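Asker: To be precise about what I am sending: the file is called target22.pdb and holds PDB, C-alpha atoms, pLDDT in the B column.
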```pdb
ATOM      1  CA  MET A  11     -11.842   0.138   3.639  1.00 89.00           C
ATOM      2  CA  LYS A  12      -8.348   1.247   2.616  1.00 95.00           C
ATOM      3  CA  ASP A  13      -6.353  -2.018   2.521  1.00 98.00           C
ATOM      4  CA  PHE A  14      -7.702  -4.817   0.334  1.00 98.00           C
ATOM      5  CA  ALA A  15      -7.255  -6.880  -2.812  1.00 98.00           C
ATOM      6  CA  ALA A  16     -10.062  -6.680  -5.370  1.00 98.00           C
ATOM      7  CA  ILE A  17     -10.292  -9.913  -7.337  1.00 98.00           C
ATOM      8  CA  ASP A  18     -12.199 -11.139 -10.365  1.00 98.00           C
ATOM      9  CA  PHE A  19     -12.350 -14.490 -12.141  1.00 98.00           C
ATOM     10  CA  GLU A  20     -13.633 -15.492 -15.553  1.00 98.00           C
ATOM     11  CA  THR A  21     -14.592 -19.120 -16.165  1.00 98.00           C
ATOM     12  CA  ALA A  22     -14.352 -21.293 -19.259  1.00 98.00           C
ATOM     13  CA  ASN A  23     -17.595 -23.168 -18.636  1.00 98.00           C
ATOM     14  CA  ASN A  24     -20.270 -23.623 -15.979  1.00 97.00           C
ATOM     15  CA  GLU A  25     -17.891 -25.403 -13.599  1.00 98.00           C
ATOM     16  CA  ARG A  26     -16.738 -22.965 -10.917  1.00 98.00           C
ATOM     17  CA  CYS A  27     -13.264 -24.528 -10.926  1.00 98.00           C
ATOM     18  CA  SER A  28     -12.807 -23.720 -14.625  1.00 98.00           C
ATOM     19  CA  VAL A  29     -11.173 -20.338 -14.017  1.00 98.00           C
ATOM     20  CA  CYS A  30      -9.506 -19.172 -17.215  1.00 98.00           C
ATOM     21  CA  SER A  31      -8.362 -15.714 -16.095  1.00 98.00           C
ATOM     22  CA  VAL A  32      -7.830 -13.767 -12.903  1.00 98.00           C
ATOM     23  CA  GLY A  33      -7.355 -10.099 -12.186  1.00 98.00           C
ATOM     24  CA  VAL A  34      -6.213  -8.696  -8.842  1.00 98.00           C
ATOM     25  CA  VAL A  35      -5.784  -5.062  -7.825  1.00 98.00           C
ATOM     26  CA  ILE A  36      -4.128  -4.319  -4.476  1.00 98.00           C
ATOM     27  CA  TYR A  37      -4.764  -1.206  -2.400  1.00 98.00           C
ATOM     28  CA  ARG A  38      -2.927  -0.135   0.725  1.00 97.00           C
ATOM     29  CA  ASP A  39      -3.870   2.992   2.617  1.00 97.00           C
ATOM     30  CA  GLY A  40      -6.383   3.785  -0.122  1.00 96.00           C
ATOM     31  CA  LYS A  41      -3.783   3.812  -2.899  1.00 98.00           C
ATOM     32  CA  LYS A  42      -3.234   1.273  -5.638  1.00 98.00           C
ATOM     33  CA  VAL A  43       0.117  -0.420  -5.062  1.00 98.00           C
ATOM     34  CA  ASP A  44       0.012  -3.440  -7.354  1.00 98.00           C
ATOM     35  CA  GLU A  45      -1.994  -5.338  -9.940  1.00 98.00           C
ATOM     36  CA  PHE A  46      -1.836  -8.783 -11.452  1.00 98.00           C
ATOM     37  CA  TYR A  47      -3.468 -10.461 -14.455  1.00 98.00           C
ATOM     38  CA  SER A  48      -3.050 -13.907 -15.922  1.00 98.00           C
ATOM     39  CA  LEU A  49      -4.745 -16.296 -18.241  1.00 98.00           C
ATOM     40  CA  ILE A  50      -5.121 -19.756 -16.689  1.00 98.00           C
ATOM     41  CA  LYS A  51      -5.451 -23.188 -18.279  1.00 98.00           C
ATOM     42  CA  PRO A  52      -8.930 -24.149 -17.011  1.00 98.00           C
ATOM     43  CA  GLU A  53      -9.884 -27.406 -15.334  1.00 97.00           C
ATOM     44  CA  PRO A  54     -11.891 -28.979 -16.861  1.00 98.00           C
ATOM     45  CA  GLU A  55     -10.319 -27.744 -20.055  1.00 96.00           C
ATOM     46  CA  TYR A  56     -13.228 -26.918 -22.317  1.00 97.00           C
ATOM     47  CA  TYR A  57     -15.056 -23.721 -23.167  1.00 98.00           C
ATOM     48  CA  ASN A  58     -18.749 -23.328 -23.635  1.00 97.00           C
ATOM     49  CA  TYR A  59     -20.100 -20.894 -26.182  1.00 97.00           C
ATOM     50  CA  TRP A  60     -21.797 -18.578 -23.665  1.00 97.00           C
ATOM     51  CA  CYS A  61     -18.776 -18.076 -21.432  1.00 97.00           C
ATOM     52  CA  SER A  62     -16.504 -17.339 -24.393  1.00 97.00           C
ATOM     53  CA  LYS A  63     -19.129 -14.974 -25.782  1.00 97.00           C
ATOM     54  CA  VAL A  64     -19.100 -13.007 -22.509  1.00 96.00           C
ATOM     55  CA  HIS A  65     -15.334 -12.656 -21.965  1.00 97.00           C
ATOM     56  CA  GLY A  66     -13.879 -13.486 -25.367  1.00 97.00           C
ATOM     57  CA  ILE A  67     -11.388 -16.065 -24.063  1.00 98.00           C
ATOM     58  CA  THR A  68     -11.085 -19.326 -26.005  1.00 98.00           C
ATOM     59  CA  ARG A  69      -9.195 -22.606 -25.700  1.00 97.00           C
ATOM     60  CA  GLU A  70      -6.530 -21.265 -28.071  1.00 98.00           C
ATOM     61  CA  ASP A  71      -5.888 -18.354 -25.690  1.00 98.00           C
ATOM     62  CA  THR A  72      -5.184 -20.602 -22.707  1.00 98.00           C
ATOM     63  CA  GLU A  73      -3.597 -23.573 -24.448  1.00 97.00           C
ATOM     64  CA  ASP A  74      -0.118 -22.616 -23.189  1.00 98.00           C
ATOM     65  CA  ALA A  75      -1.288 -20.769 -20.055  1.00 98.00           C
ATOM     66  CA  PRO A  76      -0.111 -21.871 -16.600  1.00 98.00           C
ATOM     67  CA  ILE A  77      -2.365 -23.963 -14.385  1.00 98.00           C
ATOM     68  CA  PHE A  78      -4.003 -22.384 -11.343  1.00 98.00           C
ATOM     69  CA  PRO A  79      -1.481 -23.432  -8.645  1.00 98.00           C
ATOM     70  CA  GLU A  80       1.348 -21.771 -10.627  1.00 98.00           C
ATOM     71  CA  VAL A  81      -0.664 -18.576 -10.990  1.00 98.00           C
ATOM     72  CA  TRP A  82      -1.786 -18.548  -7.351  1.00 98.00           C
ATOM     73  CA  ARG A  83       1.818 -18.823  -6.128  1.00 97.00           C
ATOM     74  CA  GLN A  84       2.394 -15.437  -7.781  1.00 97.00           C
ATOM     75  CA  ILE A  85      -0.712 -13.923  -6.187  1.00 98.00           C
ATOM     76  CA  GLU A  86      -0.685 -15.262  -2.630  1.00 97.00           C
ATOM     77  CA  ALA A  87       2.343 -13.291  -1.398  1.00 95.00           C
ATOM     78  CA  LYS A  88       0.909 -10.078  -2.849  1.00 97.00           C
ATOM     79  CA  ILE A  89      -2.417 -10.477  -1.007  1.00 98.00           C
ATOM     80  CA  ALA A  90      -1.103 -11.909   2.274  1.00 96.00           C
ATOM     81  CA  GLY A  91      -3.025 -10.460   5.211  1.00 96.00           C
ATOM     82  CA  LEU A  92      -5.473  -8.536   3.027  1.00 98.00           C
ATOM     83  CA  PRO A  93      -9.218  -9.049   2.788  1.00 98.00           C
ATOM     84  CA  LEU A  94     -10.522  -9.895  -0.677  1.00 98.00           C
ATOM     85  CA  VAL A  95     -13.252  -7.872  -2.350  1.00 98.00           C
ATOM     86  CA  ALA A  96     -15.400  -8.928  -5.296  1.00 98.00           C
ATOM     87  CA  HIS A  97     -18.495  -7.651  -7.044  1.00 98.00           C
ATOM     88  CA  ASN A  98     -20.702 -10.688  -6.495  1.00 97.00           C
ATOM     89  CA  LYS A  99     -18.643 -12.420  -3.847  1.00 97.00           C
ATOM     90  CA  ALA A 100     -20.872 -15.508  -4.172  1.00 98.00           C
ATOM     91  CA  PHE A 101     -19.435 -16.186  -7.629  1.00 98.00           C
ATOM     92  CA  ASP A 102     -15.778 -15.246  -7.156  1.00 98.00           C
ATOM     93  CA  GLU A 103     -15.380 -16.821  -3.721  1.00 98.00           C
ATOM     94  CA  SER A 104     -17.020 -20.035  -4.932  1.00 98.00           C
ATOM     95  CA  CYS A 105     -14.650 -20.092  -7.929  1.00 98.00           C
ATOM     96  CA  LEU A 106     -11.651 -19.654  -5.651  1.00 98.00           C
ATOM     97  CA  LYS A 107     -12.786 -22.390  -3.267  1.00 98.00           C
ATOM     98  CA  ALA A 108     -13.643 -24.739  -6.143  1.00 98.00           C
ATOM     99  CA  VAL A 109     -10.286 -24.378  -7.866  1.00 98.00           C
ATOM    100  CA  PHE A 110      -8.479 -24.847  -4.537  1.00 98.00           C
ATOM    101  CA  ARG A 111     -10.456 -28.095  -4.082  1.00 98.00           C
ATOM    102  CA  CYS A 112      -9.784 -29.145  -7.674  1.00 98.00           C
ATOM    103  CA  TYR A 113      -6.029 -28.929  -7.121  1.00 98.00           C
ATOM    104  CA  GLN A 114      -6.212 -30.260  -3.546  1.00 98.00           C
ATOM    105  CA  MET A 115      -4.773 -27.044  -2.133  1.00 98.00           C
ATOM    106  CA  ASP A 116      -5.443 -25.915   1.447  1.00 97.00           C
ATOM    107  CA  TYR A 117      -7.848 -22.967   1.356  1.00 96.00           C
ATOM    108  CA  PRO A 118      -6.661 -20.200   3.735  1.00 93.00           C
ATOM    109  CA  ASP A 119     -10.179 -18.931   4.604  1.00 92.00           C
ATOM    110  CA  TYR A 120      -9.810 -15.447   3.171  1.00 96.00           C
ATOM    111  CA  ASP A 121     -11.987 -12.645   4.514  1.00 96.00           C
ATOM    112  CA  PHE A 122     -14.226 -11.790   1.551  1.00 97.00           C
ATOM    113  CA  TYR A 123     -16.343  -8.652   1.076  1.00 98.00           C
ATOM    114  CA  CYS A 124     -18.986  -8.024  -1.556  1.00 98.00           C
ATOM    115  CA  THR A 125     -19.423  -4.713  -3.354  1.00 98.00           C
ATOM    116  CA  LEU A 126     -22.600  -6.026  -5.001  1.00 98.00           C
ATOM    117  CA  ALA A 127     -24.315  -6.652  -1.646  1.00 97.00           C
ATOM    118  CA  GLN A 128     -23.119  -3.295  -0.335  1.00 97.00           C
ATOM    119  CA  SER A 129     -24.299  -1.450  -3.452  1.00 97.00           C
ATOM    120  CA  ARG A 130     -27.779  -2.900  -2.911  1.00 97.00           C
ATOM    121  CA  LYS A 131     -27.763  -1.418   0.600  1.00 96.00           C
ATOM    122  CA  VAL A 132     -26.502   1.977  -0.582  1.00 96.00           C
ATOM    123  CA  TRP A 133     -28.729   2.235  -3.682  1.00 95.00           C
ATOM    124  CA  LYS A 134     -32.030   0.472  -3.091  1.00 92.00           C
ATOM    125  CA  GLU A 135     -33.344   1.032  -6.641  1.00 93.00           C
ATOM    126  CA  GLY A 136     -32.054   0.148 -10.088  1.00 93.00           C
ATOM    127  CA  HIS A 137     -29.623  -2.373 -11.485  1.00 95.00           C
ATOM    128  CA  HIS A 138     -26.444  -3.272  -9.629  1.00 96.00           C
ATOM    129  CA  ASN A 139     -24.320  -4.635 -12.468  1.00 96.00           C
ATOM    130  CA  LEU A 140     -20.611  -3.973 -12.083  1.00 97.00           C
ATOM    131  CA  ASP A 141     -20.426  -1.424 -14.895  1.00 96.00           C
ATOM    132  CA  ILE A 142     -23.443   0.527 -13.604  1.00 96.00           C
ATOM    133  CA  ILE A 143     -22.244   0.701  -9.998  1.00 97.00           C
ATOM    134  CA  ALA A 144     -18.677   1.488 -11.089  1.00 97.00           C
ATOM    135  CA  ALA A 145     -20.041   4.432 -13.091  1.00 96.00           C
ATOM    136  CA  ARG A 146     -21.947   5.637 -10.009  1.00 96.00           C
ATOM    137  CA  CYS A 147     -18.613   5.610  -8.193  1.00 96.00           C
ATOM    138  CA  GLY A 148     -16.870   7.563 -10.953  1.00 95.00           C
ATOM    139  CA  TYR A 149     -15.150   4.669 -12.732  1.00 96.00           C
ATOM    140  CA  ASN A 150     -15.691   4.087 -16.463  1.00 95.00           C
ATOM    141  CA  LEU A 151     -15.473   0.333 -17.077  1.00 95.00           C
ATOM    142  CA  GLU A 152     -14.515   0.073 -20.740  1.00 93.00           C
ATOM    143  CA  GLN A 153     -13.387  -3.588 -20.864  1.00 94.00           C
ATOM    144  CA  HIS A 154     -16.163  -5.310 -18.934  1.00 94.00           C
ATOM    145  CA  HIS A 155     -15.425  -9.024 -18.403  1.00 95.00           C
ATOM    146  CA  ASN A 156     -11.673  -8.559 -18.642  1.00 97.00           C
ATOM    147  CA  ALA A 157     -10.722  -9.862 -15.187  1.00 98.00           C
ATOM    148  CA  LEU A 158      -8.231  -7.071 -14.475  1.00 98.00           C
ATOM    149  CA  ALA A 159     -10.600  -4.316 -15.625  1.00 98.00           C
ATOM    150  CA  ASP A 160     -13.395  -5.826 -13.540  1.00 98.00           C
ATOM    151  CA  ALA A 161     -11.129  -6.042 -10.484  1.00 98.00           C
ATOM    152  CA  GLU A 162     -10.181  -2.387 -10.984  1.00 98.00           C
ATOM    153  CA  ALA A 163     -13.863  -1.403 -11.206  1.00 98.00           C
ATOM    154  CA  CYS A 164     -14.599  -3.411  -8.065  1.00 98.00           C
ATOM    155  CA  ALA A 165     -11.760  -1.624  -6.265  1.00 98.00           C
ATOM    156  CA  ALA A 166     -13.176   1.768  -7.286  1.00 97.00           C
ATOM    157  CA  ILE A 167     -16.540   0.734  -5.810  1.00 98.00           C
ATOM    158  CA  ALA A 168     -14.936  -0.620  -2.623  1.00 98.00           C
ATOM    159  CA  LEU A 169     -13.120   2.661  -2.042  1.00 97.00           C
ATOM    160  CA  GLU A 170     -16.424   4.532  -2.284  1.00 96.00           C
ATOM    161  CA  ILE A 171     -18.893   2.350  -0.373  1.00 96.00           C
ATOM    162  CA  LEU A 172     -17.101  -0.217   1.807  1.00 93.00           C
TER     163      LEU A 172
END
```
How does the structure come out when it is put into structure tokens?
Answerer:
Amino acid sequence: MKDFAAIDFETANNERCSVCSVGVVIYRDGKKVDEFYSLIKPEPEYYNYWCSKVHGITREDTEDAPIFPEVWRQIEAKIAGLPLVAHNKAFDESCLKAVFRCYQMDYPDYDFYCTLAQSRKVWKEGHHNLDIIAARCGYNLEQHHNALADAEACAAIALEIL
């Protein structure tokens, strides 16, 4: 796969629609051509301890952040016609669909590929966490759970095994 957009979401709480950050990395012809990162005011707007502990984002960080539809308007033109790739598609795709529903937006039925599922086919043994598989593909993920860093790691995996 040479043309795709790797995407990653972080959530404020256990609600899939509570996206509080997004990272997108765009590849065309196997080369990175663009990236995008934004904090997002989550809906519902509360943070649970465990989510904040994982990604470090708090209510204060997103208090003045744009809501999802404003952020997505900036992303959608960049990813038009591209398949989306995520490490654990089940999570990221469900977040995207949930936040589209939350804001009553028409979901465009993106083609979605999963580097986690593919890594389990390629490497039958061991753990398949994003940082571990990224390292196997030559990418050192230093800011795990930063949405842009995670999208970049996912892209590195996609280039190697998709």
Asker: From the list A:Gly66, A:Val95, A:Tyr56, A:Gly33, which residue is nearest Ala168 in chain A when using all atoms listed in the file?
Answerer: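 With all atoms listed in the file as the atom set, the closest residue is A:Val95.
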Asker: As an MDAnalysis selection string, please: the residues near Ser62 in chain A (cut-off 12 Å, all atoms listed in the file, same-chain neighbours under 2 positions excluded).
Answerer: chainID A and resid 20:24 30:31 56:60 64:72 155:156
Asker: Please compute the CA of Lys88 in chain A-CA of Lys41 in chain A distance, one decimal, in Å.
Answerer: 14.7 Å
Asker: Excluding same-chain residues fewer than 6 positions from Ile85 in chain A, what lies within 12 Å of it counting all atoms listed in the file, as a ChimeraX atom specification?
Answerer: /A:15-17,32-36,44-48,78-79,92,94
Asker: Hey, what comes out of the PyMOL selection byres ((chain A and resi 107) around 10) on this file? Could you write it as a PyMOL selection string?
Answerer: chain A and resi 26-27+102-106+108-112+115-120
Asker: Which is closest to Arg146 in chain A among A:Cys164, A:Ala96, A:Cys61, A:Ala159, if we use only C-alpha atoms?
Answerer: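 Closest to Arg146 in chain A, using only C-alpha atoms: A:Cys164.
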Asker: May I ask which of the residues A:Val29, A:Leu49, A:Leu140, A:Ala87 is the closest one to Thr125 in chain A, counting only C-alpha atoms?
Answerer: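 Answer, going by the shortest atom-to-atom distance: A:Leu140.
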